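S.K.: Below is the file my_file_1.cif, with mmCIF, C-alpha atoms.
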data_run
#
loop_
_atom_site.label_atom_id
_atom_site.label_comp_id
_atom_site.auth_asym_id
_atom_site.auth_seq_id
_atom_site.Cartn_x
_atom_site.Cartn_y
_atom_site.Cartn_z
CA MET A 579 -34.99 4.24 -89.73
CA ARG A 580 -32.31 6.25 -91.45
CA SER A 581 -33.84 9.46 -92.66
CA GLU A 582 -34.13 9.82 -96.40
CA GLN A 583 -33.65 13.08 -98.22
CA LEU A 584 -34.94 13.81 -101.68
CA THR A 585 -34.22 16.82 -103.83
CA LEU A 586 -37.32 17.54 -105.87
CA MET A 587 -36.88 19.50 -109.08
CA GLY A 588 -39.74 21.03 -111.03
CA THR A 589 -40.52 23.86 -113.41
CA THR A 590 -43.59 25.80 -114.35
CA ASP A 591 -43.25 24.25 -117.81
CA SER A 592 -44.51 20.97 -116.43
CA LEU A 593 -47.38 21.91 -114.18
CA GLY A 594 -50.22 19.48 -113.81
CA ASP A 595 -53.89 20.13 -113.18
CA ASP A 596 -54.62 23.04 -110.81
CA ASN A 597 -51.08 24.34 -111.44
CA VAL A 598 -49.59 21.60 -109.28
CA PHE A 599 -45.86 21.10 -109.67
CA GLU A 600 -44.67 17.77 -110.96
CA PHE A 601 -41.26 16.86 -109.69
CA ARG A 602 -38.34 14.73 -110.64
CA ALA A 603 -35.78 13.34 -108.21
CA ASP A 604 -32.85 11.00 -108.58
CA ALA A 605 -34.61 8.21 -106.72
CA VAL A 606 -38.02 8.80 -108.27
CA HIS A 607 -39.10 6.93 -111.36
CA GLU A 608 -41.41 9.13 -113.42
CA MET A 609 -42.84 12.40 -112.13
CA VAL A 610 -44.54 12.87 -108.80
CA ASP A 611 -47.06 15.59 -108.05
CA GLU A 612 -47.82 14.89 -104.42
CA ILE A 613 -46.00 13.08 -101.65
CA GLN A 614 -47.95 10.73 -99.46
CA ILE A 615 -46.56 10.44 -95.94
CA PRO A 616 -46.44 6.85 -94.67
CA LYS A 617 -47.94 6.07 -91.30
CA GLY A 618 -45.37 6.63 -88.59
CA LEU A 619 -43.19 8.93 -90.63
CA SER A 620 -42.81 12.68 -90.93
CA LEU A 621 -42.05 14.73 -93.98
CA LYS A 622 -39.78 17.69 -93.34
CA ILE A 623 -39.33 20.44 -95.88
CA TRP A 624 -35.88 21.86 -95.32
CA SER A 625 -35.30 24.27 -98.14
CA LYS A 626 -36.62 25.72 -101.34
CA HIS A 627 -34.69 27.31 -104.16
CA ILE A 628 -36.63 29.32 -106.70
CA ASN A 629 -35.26 30.98 -109.82
CA GLY A 630 -36.37 32.14 -113.23
CA ALA A 631 -39.55 34.22 -113.56
CA ASP A 632 -41.69 35.56 -110.72
CA LEU A 633 -43.43 32.84 -108.80
CA VAL A 634 -45.80 32.32 -105.91
CA LEU A 635 -45.11 28.88 -104.48
CA GLU A 636 -47.71 27.40 -102.17
CA THR A 637 -47.12 24.40 -99.93
CA GLN A 638 -50.35 22.49 -99.44
CA PHE A 639 -51.26 19.65 -97.11
CA THR A 640 -54.15 17.22 -96.87
CA THR A 641 -55.04 14.81 -94.12
CA ASP A 642 -56.73 12.41 -96.52
CA ILE A 643 -55.43 11.83 -100.00
CA THR A 644 -58.06 9.14 -100.51
CA ALA A 645 -61.02 11.54 -100.05
CA ASP A 646 -63.08 12.61 -103.01
CA PRO A 647 -62.58 15.48 -103.45
CA VAL A 648 -59.27 15.92 -101.66
CA VAL A 649 -59.27 18.98 -99.42
CA TRP A 650 -55.95 20.83 -99.57
CA THR A 651 -54.90 23.43 -97.04
CA THR A 652 -52.21 25.97 -97.80
CA PHE A 653 -49.51 25.97 -95.15
CA GLY A 654 -46.85 28.19 -96.65
CA ILE A 655 -46.60 30.80 -99.37
CA ASP A 656 -43.23 31.80 -100.79
CA VAL A 657 -43.22 34.81 -103.09
CA PHE A 658 -40.33 35.20 -105.51
CA ASP A 659 -39.94 38.58 -107.24
CA SER A 660 -37.19 38.39 -109.84
CA SER A 661 -36.96 42.18 -110.07
CA VAL A 662 -35.79 42.25 -106.45
CA GLU A 663 -33.59 39.18 -106.24
CA GLY A 664 -31.90 36.95 -108.81
CA ASP A 665 -33.02 33.80 -107.10
CA ARG A 666 -34.53 32.91 -103.77
CA ASN A 667 -33.12 30.49 -101.24
CA ILE A 668 -35.36 29.62 -98.36
CA GLU A 669 -33.47 27.65 -95.74
CA LYS A 670 -35.38 26.30 -92.79
CA ARG A 671 -33.54 25.94 -89.54
CA ARG A 672 -36.87 24.67 -88.35
CA PRO A 673 -38.37 22.74 -91.22
CA LEU A 674 -41.98 22.67 -92.23
CA LEU A 675 -43.12 19.46 -90.57
CA PHE A 676 -45.95 17.21 -91.67
CA ARG A 677 -46.73 13.98 -89.86
CA GLY A 678 -48.25 10.78 -91.11
CA PHE A 679 -50.67 9.53 -88.46
CA THR A 680 -52.95 7.61 -90.81
CA GLY A 681 -50.73 7.16 -93.84
CA ASN A 682 -53.19 9.16 -95.93
CA GLU A 683 -51.60 12.55 -95.36
CA ALA A 684 -49.92 14.19 -98.34
CA VAL A 685 -48.11 17.33 -99.39
CA ARG A 686 -48.00 19.07 -102.74
CA PHE A 687 -46.64 22.29 -104.18
CA VAL A 688 -48.72 24.65 -106.28
CA CYS A 689 -47.90 27.59 -108.48
CA GLY A 690 -50.18 30.14 -106.82
CA GLY A 691 -51.04 33.78 -107.41
CA ASP A 692 -51.97 34.38 -111.05
CA GLY A 693 -50.42 31.10 -112.10
CA PRO A 694 -47.32 30.66 -114.25
CA GLY A 695 -46.06 33.57 -116.35
CA ASP A 696 -44.78 33.42 -119.90
CA ASP A 697 -41.26 32.68 -118.75
CA PRO A 698 -40.57 29.54 -116.78
CA SER A 699 -39.62 29.34 -113.14
CA GLY A 700 -37.71 26.50 -111.58
CA VAL A 701 -37.88 25.18 -108.05
CA GLU A 702 -35.74 22.78 -106.08
CA ILE A 703 -37.17 21.56 -102.81
CA ASN A 704 -35.30 19.50 -100.28
CA VAL A 705 -37.53 17.16 -98.32
CA GLU A 706 -36.77 14.49 -95.78
CA PHE A 707 -38.64 11.42 -94.59
CA CYS A 708 -37.94 10.53 -90.98
CA GLU A 709 -39.56 8.82 -88.03
CA ILE A 710 -42.26 10.71 -86.16
CA GLN A 711 -40.67 12.22 -83.10
CA MET B 918 -27.38 -7.30 -83.10
CA GLN B 919 -26.80 -6.66 -79.45
CA GLY B 920 -23.65 -6.98 -77.43
CA LEU B 921 -20.22 -7.18 -78.96
CA THR B 922 -20.05 -5.67 -82.42
CA ASP B 923 -17.48 -3.73 -84.36
CA SER B 924 -18.04 -0.32 -85.91
CA GLN B 925 -19.89 -1.88 -88.85
CA GLY B 926 -22.22 -3.91 -86.67
CA LEU B 927 -20.38 -7.16 -87.39
CA VAL B 928 -18.99 -9.70 -84.95
CA PRO B 929 -15.33 -9.18 -84.04
CA ASP B 930 -12.82 -12.00 -84.45
CA ASN B 931 -12.48 -14.52 -81.64
CA THR B 932 -15.72 -13.64 -79.90
CA TYR B 933 -18.90 -15.56 -79.30
CA MET B 934 -22.00 -15.15 -81.41
CA VAL B 935 -25.42 -16.21 -80.20
CA VAL B 936 -28.24 -16.66 -82.70
CA TYR B 937 -31.50 -16.91 -80.79
CA ILE B 938 -34.69 -18.48 -82.13
CA PRO B 939 -37.68 -17.21 -80.12
CA GLU B 940 -40.09 -19.98 -81.08
CA THR B 941 -37.93 -22.78 -79.66
CA LYS B 942 -36.27 -20.72 -76.92
CA LYS B 943 -33.01 -22.13 -78.20
CA ALA B 944 -29.85 -20.46 -79.30
CA LEU B 945 -26.98 -21.40 -81.56
CA VAL B 946 -23.74 -20.58 -79.82
CA HIS B 947 -20.73 -20.21 -82.04
CA ARG B 948 -17.27 -18.82 -81.67
CA VAL B 949 -16.36 -16.57 -84.54
CA ILE B 950 -12.79 -17.55 -85.26
CA ASN B 951 -12.43 -14.78 -87.78
CA ARG B 952 -14.26 -12.94 -90.50
CA VAL B 953 -13.17 -14.24 -93.87
CA ASN B 954 -14.04 -11.06 -95.74
CA VAL B 955 -11.72 -8.80 -93.81
CA LEU B 956 -11.51 -5.86 -96.18
CA ASP B 957 -14.69 -6.12 -98.19
CA ALA B 958 -17.45 -6.05 -95.63
CA VAL B 959 -19.60 -3.75 -97.72
CA LEU B 960 -21.20 -4.93 -100.91
CA ASN B 961 -23.04 -2.38 -103.00
CA TYR B 962 -25.34 -4.82 -104.70
CA GLY B 963 -27.27 -2.49 -106.99
CA PRO B 964 -31.04 -2.19 -107.37
CA LEU B 965 -33.47 -4.55 -105.70
CA PRO B 966 -33.96 -7.61 -107.92
CA LEU B 967 -37.35 -6.48 -109.16
CA GLU B 968 -37.98 -7.46 -112.72
CA GLY B 969 -39.82 -5.07 -114.99
CA GLY B 970 -43.29 -6.34 -115.83
CA THR B 971 -43.75 -8.31 -112.63
CA ILE B 972 -47.22 -7.93 -111.14
CA MET B 973 -47.29 -6.95 -107.49
CA PRO B 974 -50.23 -6.54 -105.12
CA THR B 975 -50.89 -3.12 -103.62
CA TYR B 976 -51.98 -1.85 -100.23
CA ASP B 977 -55.05 -0.37 -101.89
CA GLY B 978 -56.33 -3.76 -102.97
CA GLY B 979 -55.37 -3.86 -106.61
CA SER B 980 -52.21 -4.81 -108.39
CA VAL B 981 -49.52 -2.94 -110.26
CA GLN B 982 -46.79 -3.75 -112.71
CA VAL B 983 -43.13 -3.10 -111.98
CA PRO B 984 -42.44 -0.36 -114.55
CA GLU B 985 -38.75 -1.07 -114.96
CA ASP B 986 -36.09 -3.34 -113.52
CA GLY B 987 -35.19 -2.25 -110.00
CA VAL B 988 -38.13 0.10 -109.55
CA MET B 989 -40.40 -0.43 -106.55
CA PRO B 990 -43.90 0.62 -107.58
CA ALA B 991 -45.95 2.98 -105.45
CA ARG B 992 -48.18 1.27 -102.85
CA ALA B 993 -46.88 -2.18 -103.82
CA TYR B 994 -45.45 -5.04 -101.80
CA THR B 995 -43.88 -8.38 -102.57
CA ARG B 996 -46.32 -11.23 -102.72
CA THR B 997 -45.94 -14.11 -100.26
CA GLY B 998 -44.06 -16.85 -102.03
CA SER B 999 -42.42 -14.31 -104.31
CA GLY B 1000 -40.13 -12.62 -101.84
CA LEU B 1001 -36.85 -11.33 -103.08
CA ARG B 1002 -33.71 -13.39 -103.35
CA PHE B 1003 -30.49 -11.88 -104.59
CA PRO B 1004 -28.95 -13.47 -107.67
CA LEU B 1005 -25.19 -13.58 -108.03
CA ARG B 1006 -23.27 -15.31 -110.78
CA GLY B 1007 -20.82 -17.80 -109.37
CA ALA B 1008 -22.59 -18.20 -106.04
CA TRP B 1009 -23.45 -21.74 -104.92
CA ASP B 1010 -27.05 -20.99 -105.88
CA GLU B 1011 -26.91 -18.35 -108.59
CA HIS B 1012 -30.50 -17.35 -107.83
CA ASP B 1013 -29.76 -16.67 -104.19
CA MET B 1014 -26.34 -15.48 -103.12
CA PHE B 1015 -27.04 -16.20 -99.46
CA TYR B 1016 -28.27 -19.77 -99.79
CA THR B 1017 -25.77 -22.41 -98.79
CA PRO B 1018 -26.01 -26.19 -98.44
CA ASP B 1019 -25.20 -28.06 -95.24
CA GLY B 1020 -21.55 -28.42 -96.24
CA TYR B 1021 -21.06 -24.82 -95.24
CA ARG B 1022 -21.33 -25.74 -91.58
CA THR B 1023 -18.08 -24.04 -90.61
CA ARG B 1024 -19.24 -20.75 -92.08
CA MET B 1025 -22.00 -18.43 -90.97
CA THR B 1026 -23.15 -15.48 -93.01
CA HIS B 1027 -24.38 -12.46 -91.13
CA VAL B 1028 -25.97 -9.73 -93.24
CA ILE B 1029 -27.18 -6.22 -92.60
CA MET B 1030 -29.22 -5.07 -95.57
CA ASP B 1031 -29.72 -1.36 -96.17
CA THR B 1032 -32.19 -0.33 -98.83
CA PHE B 1033 -32.39 2.99 -100.60
CA PRO B 1034 -34.66 4.80 -100.20
CA SER B 1035 -34.89 3.97 -96.54
CA VAL B 1036 -38.67 4.48 -96.41
CA LEU B 1037 -39.22 1.02 -97.86
CA ARG B 1038 -40.77 -1.41 -95.38
CA LEU B 1039 -38.83 -4.64 -94.93
CA ASP B 1040 -39.61 -8.06 -93.61
CA LEU B 1041 -38.06 -11.49 -93.69
CA GLN B 1042 -39.70 -14.81 -94.35
CA ILE B 1043 -37.70 -17.67 -92.84
CA PRO B 1044 -38.26 -19.85 -94.78
CA THR B 1045 -39.83 -18.24 -97.81
CA GLY B 1046 -43.62 -18.20 -97.66
CA SER B 1047 -43.73 -18.12 -93.89
CA ASP B 1048 -44.95 -14.90 -92.28
CA GLN B 1049 -43.20 -14.65 -88.93
CA GLY B 1050 -44.79 -11.50 -87.54
CA LYS B 1051 -47.38 -12.09 -84.85
CA PHE B 1052 -49.44 -9.86 -82.59
CA GLN B 1053 -51.07 -10.92 -79.34
CA TRP B 1054 -49.68 -14.39 -79.43
CA LYS B 1055 -50.92 -15.67 -82.78
CA ASN B 1056 -54.27 -13.92 -83.03
CA VAL B 1057 -53.05 -11.53 -85.68
CA THR B 1058 -50.43 -12.28 -88.29
CA THR B 1059 -48.55 -9.25 -89.41
CA GLY B 1060 -46.37 -9.04 -92.44
CA ILE B 1061 -45.44 -6.97 -95.40
CA ASP B 1062 -48.99 -7.08 -96.77
CA SER B 1063 -50.41 -5.42 -93.67
CA LEU B 1064 -49.96 -1.78 -92.73
CA PHE B 1065 -50.65 -2.77 -89.15
CA GLY B 1066 -47.52 -2.77 -87.05
CA ALA B 1067 -44.22 -1.13 -87.59
CA LEU B 1068 -41.96 -3.22 -89.72
CA PRO B 1069 -38.40 -1.94 -90.01
CA ARG B 1070 -37.76 0.53 -92.75
CA GLY B 1071 -34.53 0.71 -94.69
CA ARG B 1072 -32.51 -1.80 -92.69
CA ILE B 1073 -32.90 -5.43 -91.72
CA GLU B 1074 -30.41 -7.83 -90.24
CA THR B 1075 -30.18 -11.57 -90.20
CA ALA B 1076 -27.93 -14.59 -90.09
CA PHE B 1077 -28.40 -17.34 -92.63
CA ILE B 1078 -29.06 -20.92 -91.67
CA PRO B 1079 -27.79 -23.27 -94.39
CA GLU B 1080 -30.42 -25.17 -96.39
CA VAL B 1081 -33.11 -22.64 -95.47
CA VAL B 1082 -34.44 -20.40 -98.23
CA TYR B 1083 -34.95 -16.88 -96.96
CA ALA B 1084 -37.18 -14.33 -98.68
CA PHE B 1085 -36.78 -10.61 -98.30
CA MET B 1086 -40.13 -8.85 -98.37
CA VAL B 1087 -40.35 -5.23 -99.45
CA GLY B 1088 -43.25 -2.81 -99.25
CA ASN B 1089 -43.66 0.76 -100.48
CA ASP B 1090 -46.50 2.58 -98.74
CA THR B 1091 -45.78 5.91 -100.40
CA ASN B 1092 -47.32 7.04 -103.67
CA ILE B 1093 -43.93 7.26 -105.37
CA ASN B 1094 -42.34 4.77 -107.75
CA PHE B 1095 -38.88 4.52 -106.29
CA ARG B 1096 -35.66 3.58 -108.00
CA THR B 1097 -33.99 1.38 -105.47
CA GLY B 1098 -30.55 0.42 -104.28
CA VAL B 1099 -29.24 -2.17 -101.85
CA ARG B 1100 -26.13 -2.24 -99.74
CA PHE B 1101 -25.11 -5.31 -97.80
CA THR B 1102 -22.78 -5.13 -94.85
CA TYR B 1103 -21.90 -8.74 -94.29
CA GLY B 1104 -19.64 -11.01 -92.39
CA GLU B 1105 -18.76 -14.46 -93.61
CA TYR B 1106 -17.54 -15.92 -90.36
CA GLU B 1107 -15.42 -18.97 -89.89
CA ILE B 1108 -16.99 -20.57 -86.85
CA ASP B 1109 -16.64 -23.36 -84.38
CA VAL B 1110 -18.57 -24.18 -81.24
CA PRO B 1111 -17.57 -24.08 -77.59
CA LYS B 1112 -16.80 -27.60 -76.44
CA ASN B 1113 -17.40 -26.95 -72.78
CA PRO B 1114 -21.02 -26.91 -71.54
CA MET B 1115 -20.06 -24.49 -68.78
CA THR B 1116 -18.84 -22.01 -71.37
CA VAL B 1117 -22.18 -22.20 -73.17
CA LEU B 1118 -24.07 -21.73 -69.93
CA GLU B 1119 -21.99 -18.70 -69.05
CA ILE B 1120 -22.56 -17.19 -72.48
CA LEU B 1121 -26.31 -17.76 -72.39
CA SER B 1122 -26.44 -16.46 -68.83
CA GLY B 1123 -24.77 -13.23 -69.86
CA MET B 1124 -21.62 -13.89 -67.83
CA ARG B 1125 -19.41 -14.03 -70.89
CA PRO B 1126 -19.70 -11.27 -73.48
CA ALA B 1127 -21.17 -12.25 -76.83
CA SER B 1128 -22.97 -10.84 -79.84
CA TRP B 1129 -26.69 -11.64 -79.76
CA LEU B 1130 -28.84 -11.79 -82.85
CA THR B 1131 -32.50 -12.79 -82.65
CA LEU B 1132 -33.92 -14.34 -85.79
CA PRO B 1133 -37.53 -13.37 -86.51
CA ILE B 1134 -38.73 -16.95 -86.24
CA THR B 1135 -42.04 -17.33 -84.45
CA TYR B 1136 -43.18 -20.21 -86.60
CA TYR B 1137 -40.65 -23.02 -86.57
CA ASN B 1138 -41.13 -25.34 -89.46
CA ASN B 1139 -39.49 -28.48 -90.78
CA GLN B 1140 -37.20 -26.69 -93.18
CA ILE B 1141 -35.57 -24.72 -90.39
CA GLN B 1142 -35.27 -27.80 -88.21
CA ALA B 1143 -33.80 -29.87 -91.03
CA GLY B 1144 -31.41 -27.07 -91.96
CA LEU B 1145 -30.11 -26.86 -88.41
CA LEU B 1146 -29.84 -30.60 -87.84
CA ASN B 1147 -28.26 -31.39 -91.20
CA THR B 1148 -25.81 -28.54 -90.90
CA TYR B 1149 -24.86 -28.15 -87.28
CA GLY B 1150 -26.31 -31.33 -85.84
CA TYR B 1151 -28.30 -29.49 -83.21
CA GLU B 1152 -31.18 -27.05 -82.99
CA GLY B 1153 -29.57 -24.89 -80.36
CA PHE B 1154 -29.10 -24.81 -76.63
CA THR B 1155 -32.18 -24.09 -74.58
CA VAL B 1156 -31.93 -20.69 -72.95
CA TYR B 1157 -32.86 -20.79 -69.28
CA PRO B 1158 -33.42 -17.99 -66.79
CA ARG B 1159 -30.14 -16.48 -65.73
CA ASP B 1160 -30.49 -17.45 -62.10
CA PHE B 1161 -30.68 -21.16 -62.96
CA LYS B 1162 -26.89 -21.27 -63.14
CA ASP B 1163 -26.69 -20.18 -59.49
CA ARG B 1164 -28.47 -23.24 -58.10
CA GLU B 1165 -26.58 -26.48 -57.97
CA GLU B 1166 -29.43 -28.75 -59.01
CA THR B 1167 -30.52 -26.70 -62.03
CA ARG B 1168 -26.96 -25.98 -63.10
CA THR B 1169 -26.07 -29.67 -63.07
CA ARG B 1170 -29.16 -30.55 -65.07
CA ILE B 1171 -28.51 -27.86 -67.65
CA LEU B 1172 -24.86 -28.80 -68.03
CA ALA B 1173 -25.84 -32.42 -68.60
CA GLU B 1174 -28.38 -31.35 -71.19
CA TYR B 1175 -25.86 -29.13 -72.99
CA ALA B 1176 -23.28 -31.94 -72.94
CA GLU B 1177 -25.85 -34.22 -74.57
CA VAL B 1178 -26.53 -31.61 -77.25
CA MET B 1179 -22.82 -31.27 -77.91
CA ARG B 1180 -22.49 -35.00 -78.57
CA GLY B 1181 -24.69 -34.57 -81.64
CA MET B 1182 -22.89 -31.57 -83.07
CA ARG B 1183 -21.43 -31.76 -86.52
CA ILE B 1184 -19.08 -28.80 -86.40
#
Render the structure in this file as structure tokens.
M.R.:
Amino acid sequence: MRSEQLTLMGTTDSLGDDNVFEFRADAVHEMVDEIQIPKGLSLKIWSKHINGADLVLETQFTTDITADPVVWTTFGIDVFDSSVEGDRNIEKRRPLLFRGFTGNEAVRFVCGGDGPGDDPSGVEINVEFCEIQ
Amino acid sequence: MQGLTDSQGLVPDNTYMVVYIPETKKALVHRVINRVNVLDAVLNYGPLPLEGGTIMPTYDGGSVQVPEDGVMPARAYTRTGSGLRFPLRGAWDEHDMFYTPDGYRTRMTHVIMDTFPSVLRLDLQIPTGSDQGKFQWKNVTTGIDSLFGALPRGRIETAFIPEVVYAFMVGNDTNINFRTGVRFTYGEYEIDVPKNPMTVLEILSGMRPASWLTLPITYYNNQIQAGLLNTYGYEGFTVYPRDFKDREETRTRILAEYAEVMRGMRI
């Protein structure tokens, strides 16, 4: 399979329940708040770009999106402090890697810490679907 | 496609092309005289021909509506009997740009379909309605409706037999409604057939270089048979073990059989 990259774009203005980011992408119709990983594929998170107001961005993973309730585990926390830096670029030479062994695994991004501030923050996240290696 | 191909995966001019049908153990052997579409081998078709409002089954057991033309709904797959065909105004069949009648016997269309996004699962029904995926002989039928097995994602390749209606099956096992796109890399080949049985034997024995394409046909039905007979006048040359050509008695028998097949050819 050719790998497939998606640039996800979201803001704290459009958070869903539990402060979960809802994203747009050029190839995505309507918003998406979690990404299910098909069986046999991996999801790589290559980069994140955060700007705007201070933000704590959590990357969460579940092994079973069909469970009730879904148990999410935080795998990465990125803290953006706008008083220190104008924006934050997180480039991964080694991407965050999540594998789909059952097809029920999923990833989502959450506005952590104290939640969104009064001013909005924006995030762009570059993800890639590829074969499990 | 295995063997001789150009940088785009198409068959070069003046080379042999073998189209193998696993179910019958027979192969069509053609010489590609030239590719008619020399400069325009890539066709950016546009979105998948999914019509907004169409109801599709889902991997979770329910059904879902296509939200907008060209959008592949999350968890959905094409229903058997409703596989995709690609409309094109001006084509011989405007509902299916790859369908041709038997009069197109001196042409063969070879298509590599790339879908965007590439995570979409793809399958082919030849002819439409016929699941060709099998596991453990025929104990388990696989197909686009089953998450068992590893169907290709993002790319599928085939050659079109005239008079046979193909259906492209698409599945989306993510939770995302995807806007889709399709790119065809295709060769419309002007073909003829080798007239010498020895040439065919050498090609099928691997002594002469050729492009090999295996059609996913594990269930050979009347439509395929009729398409081949009406168009080319034969169902293919039986492929024998490679060492059969080395023994006088088997070689003679095979050459006689191939010569008999050639007498019925319509190309």
S.K.: Evaluate the PyMOL selection byres ((chain B and resi 1074) around 8) and record the selected residues as a PDB file with C-alpha atoms, in the coordinates of the input, following the chain and residue labels used in the document.
M.R.:
ATOM      1  CA  MET B 918     -27.380  -7.300 -83.100  1.00  0.00           C
ATOM      2  CA  HIS B1027     -24.380 -12.460 -91.130  1.00  0.00           C
ATOM      3  CA  VAL B1028     -25.970  -9.730 -93.240  1.00  0.00           C
ATOM      4  CA  ILE B1029     -27.180  -6.220 -92.600  1.00  0.00           C
ATOM      5  CA  MET B1030     -29.220  -5.070 -95.570  1.00  0.00           C
ATOM      6  CA  ARG B1072     -32.510  -1.800 -92.690  1.00  0.00           C
ATOM      7  CA  ILE B1073     -32.900  -5.430 -91.720  1.00  0.00           C
ATOM      8  CA  THR B1075     -30.180 -11.570 -90.200  1.00  0.00           C
ATOM      9  CA  ALA B1076     -27.930 -14.590 -90.090  1.00  0.00           C
TER      10      ALA B1076
END
S.K.: One decimal, Å: what's the distance from CA of Ala1008 in chain B over to CA of Leu960 in chain B, could you say?
M.R.: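 So the two atoms, CA of Ala1008 in chain B and CA of Leu960 in chain B, lie 14.3 Å apart.
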S.K.: Residues of chain B within 9 Å of chain A: nearest atom pair and distance (Å, one decimal) for each, counting all atoms listed in the file, sorted by chain and number, as JSON lines?
M.R.:
{"residue": "B:Pro984", "atom": "CA", "partner": "A:His607", "partner_atom": "CA", "distance": 8.6}
{"residue": "B:Glu985", "atom": "CA", "partner": "A:His607", "partner_atom": "CA", "distance": 8.8}
{"residue": "B:Val988", "atom": "CA", "partner": "A:His607", "partner_atom": "CA", "distance": 7.1}
{"residue": "B:Met989", "atom": "CA", "partner": "A:His607", "partner_atom": "CA", "distance": 8.9}
{"residue": "B:Pro990", "atom": "CA", "partner": "A:His607", "partner_atom": "CA", "distance": 8.8}
{"residue": "B:Phe1033", "atom": "CA", "partner": "A:Glu582", "partner_atom": "CA", "distance": 8.2}
{"residue": "B:Pro1034", "atom": "CA", "partner": "A:Glu582", "partner_atom": "CA", "distance": 6.3}
{"residue": "B:Ser1035", "atom": "CA", "partner": "A:Glu582", "partner_atom": "CA", "distance": 5.9}
{"residue": "B:Val1036", "atom": "CA", "partner": "A:Glu582", "partner_atom": "CA", "distance": 7.0}
{"residue": "B:Leu1064", "atom": "CA", "partner": "A:Lys617", "partner_atom": "CA", "distance": 8.2}
{"residue": "B:Ala1067", "atom": "CA", "partner": "A:Gly618", "partner_atom": "CA", "distance": 7.9}
{"residue": "B:Pro1069", "atom": "CA", "partner": "A:Met579", "partner_atom": "CA", "distance": 7.1}
{"residue": "B:Arg1070", "atom": "CA", "partner": "A:Met579", "partner_atom": "CA", "distance": 5.5}
{"residue": "B:Gly1071", "atom": "CA", "partner": "A:Met579", "partner_atom": "CA", "distance": 6.1}
{"residue": "B:Arg1072", "atom": "CA", "partner": "A:Met579", "partner_atom": "CA", "distance": 7.2}
{"residue": "B:Asn1089", "atom": "CA", "partner": "A:Pro616", "partner_atom": "CA", "distance": 8.9}
{"residue": "B:Asp1090", "atom": "CA", "partner": "A:Pro616", "partner_atom": "CA", "distance": 5.9}
{"residue": "B:Thr1091", "atom": "CA", "partner": "A:Gln614", "partner_atom": "CA", "distance": 5.4}
{"residue": "B:Asn1092", "atom": "CA", "partner": "A:Gln614", "partner_atom": "CA", "distance": 5.6}
{"residue": "B:Ile1093", "atom": "CA", "partner": "A:Val610", "partner_atom": "CA", "distance": 6.6}
{"residue": "B:Asn1094", "atom": "CA", "partner": "A:His607", "partner_atom": "CA", "distance": 5.3}
{"residue": "B:Phe1095", "atom": "CA", "partner": "A:Val606", "partner_atom": "CA", "distance": 4.8}
{"residue": "B:Arg1096", "atom": "CA", "partner": "A:Ala605", "partner_atom": "CA", "distance": 4.9}
{"residue": "B:Thr1097", "atom": "CA", "partner": "A:Ala605", "partner_atom": "CA", "distance": 7.0}
S.K.: Which residues fall under the PyMOL selection byres ((chain B and resi 1050) around 8) in this file, as a list in words?
M.R.: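 Matching residues under the PyMOL selection byres ((chain B and resi 1050) around 8) are Asp1048, Gln1049, Lys1051, Phe1052, Thr1058, Thr1059, Gly1060, Pro1133 and Thr1135 of chain B.
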S.K.: Starting from the PyMOL selection byres ((chain B and resi 1176) around 10), expand the selection into actual residues of this file and give them as a list of chain:residue names.
M.R.: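 For this structure, the PyMOL selection byres ((chain B and resi 1176) around 10) resolves to B:Lys1112, B:Asn1113, B:Pro1114, B:Met1115, B:Val1117, B:Phe1154, B:Arg1170, B:Ile1171, B:Leu1172, B:Ala1173, B:Glu1174, B:Tyr1175, B:Glu1177, B:Val1178, B:Met1179, B:Arg1180, B:Gly1181.
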S.K.: List as a ChimeraX atom specification the protein and nucleic acid residues near range 639-646 of chain A, meaning an atom at most 7 Å away when only C-alpha atoms are counted, but skip any in the same chain fewer than 4 places from it.
M.R.: /A:650-653,682-686
